[in-house]
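Reviewing the structure listed below.
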Amino acid sequence: ADSTERPTVSALAREFRFLFFIDDDAYVAPDTLATLVHTAMNSSATGIVSPRILDAARNDRIWFDGGYRNMFGDFLHKNLGAKVSASDHAHSGTPRAIDFASGCCMLVKREVFEGIGGFDEEFFVYSEDADFSARTRAAGLEVMLAPHAISWHHQSSDTKKNAGKEFRDYYVTRNRLLLARRTLHGVRWFVYCIYFILYHCMVPVLYHSITGKPSRVRAILSGVVDYKRGNFGRRQER
């Protein structure tokens, strides 16, 4: 949240038509930005456009090929880790609608960003892109993937820059619950809670307990507790 606040304010002040978000651990091919702009301008119904994002450490592996929601309501990366060749990029087809774009690299129309209200600072880090995408789609606009536009991402560098894996464990756990509660209702929320407890809580807690990583267990449980208490935004150190 902090890393994008000042550049975003500056871009809005200068009245650009588009806002381009990219992590400092990502980079793009020379024609990627032009491709994203062209895709965005091709339809008035398009609000956000994402490129295909590759793993910078393994150039032939996909990190993000569009976001989707599984049957339980989890937001996931399509084709994560799948192998892809240079010819695949050239013949990857037309842009397609996706459930969410990755904030690692995405283009947003200015009027959409202002109309939707930007990123919600309650997330601080992780899931704010999925939340923004969900609000964009709820407004009747499309989130698109332009698979022939390419970006590369150095995985886990944000985790290394911060407090290690515990940093990610805490925010991902807390924000998954916050995002699901905002976008799922009734029976779907109840089903997600069961899925979350089993898959995102019990399994990793058991694994980290067995492998002797109590700090990661505490981070996950702290994320659940802070969600229940309504403690959002940047975590207050205790």
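How things are named: the first chain in the structure tokens is A, the next is B, and so on; residues count from 1 in each chain; ligands count from 1 in the order shown.
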Near-Phe64 (chain A) list (6 Å; only C-alpha atoms; drop same-chain fewer than 6 positions) as a VMD selection string:
chain A and resid 52 to 53 77
Expected file contents, prior selection, N, CA, C and O atoms, as a compact mmCIF listing (two decimals), in the first residue's frame:
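Written out: out01.txt:
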```txt
# COMPACT_ATOMS: atom_id res chain seq x y z
N ARG A 52 0.64 -11.58 -19.27
CA ARG A 52 1.10 -12.88 -18.76
C ARG A 52 2.40 -12.63 -18.01
O ARG A 52 3.28 -11.92 -18.50
N ILE A 53 2.52 -13.18 -16.82
CA ILE A 53 3.70 -12.95 -15.99
C ILE A 53 4.47 -14.25 -15.82
O ILE A 53 3.91 -15.26 -15.38
N HIS A 77 -3.95 -18.45 -9.07
CA HIS A 77 -3.28 -18.17 -10.34
C HIS A 77 -3.49 -19.34 -11.29
O HIS A 77 -3.18 -20.49 -10.95
```
Going by DSSP on the backbone, which residues of region 103-208 of chain A come out as alpha helix (DSSP H)? List them as a PyMOL selection string.
chain A and resi 110-116+128-138+157-161+165-183+187-195+203-208
Give the answer as one residue: which of A:Leu221, A:Val84, A:Leu179, A:Arg216 has the shortest atom-to-atom distance to Ile197 (chain A), using only C-alpha atoms?
A:Leu221
So that I can see what lies close to Val37 (chain A), please list as a ChimeraX atom specification the residues with an atom at most 9 Å from it, counting only C-alpha atoms and leaving out residues fewer than 3 positions away in the same chain.
/A:18,32-34,40-42,49,107
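Residue nearest Arg168 (chain A) within the list A:His153, A:Arg235, A:Cys105, A:Ala139: A:Arg235 [criterion: smallest interatomic distance, only C-alpha atoms].
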Find the residues near Phe75 (chain A): any atom within 9 Å, counting only C-alpha atoms, skip ones fewer than 5 places away on the same chain, and give them as a VMD selection string.
chain A and resid 67 to 70 99 to 100 127 130 176 180
For the residues in that selection, give me C-alpha atoms as a PDB file, in the first residue's frame.
```pdb
ATOM      1  CA  GLY A  67      -6.619 -15.196 -11.938  1.00  0.00           C
ATOM      2  CA  TYR A  68      -9.638 -17.374 -11.224  1.00  0.00           C
ATOM      3  CA  ARG A  69     -11.776 -18.487  -8.289  1.00  0.00           C
ATOM      4  CA  ASN A  70     -12.046 -22.161  -7.463  1.00  0.00           C
ATOM      5  CA  ASP A  99     -11.602 -13.116 -12.401  1.00  0.00           C
ATOM      6  CA  PHE A 100      -8.770 -10.934 -11.135  1.00  0.00           C
ATOM      7  CA  SER A 127      -5.099  -9.634  -1.872  1.00  0.00           C
ATOM      8  CA  ALA A 130      -8.073  -9.321  -6.047  1.00  0.00           C
ATOM      9  CA  ARG A 176      -7.831 -14.289   2.577  1.00  0.00           C
ATOM     10  CA  ALA A 180     -13.708 -13.943   1.156  1.00  0.00           C
TER      11      ALA A 180
END
```
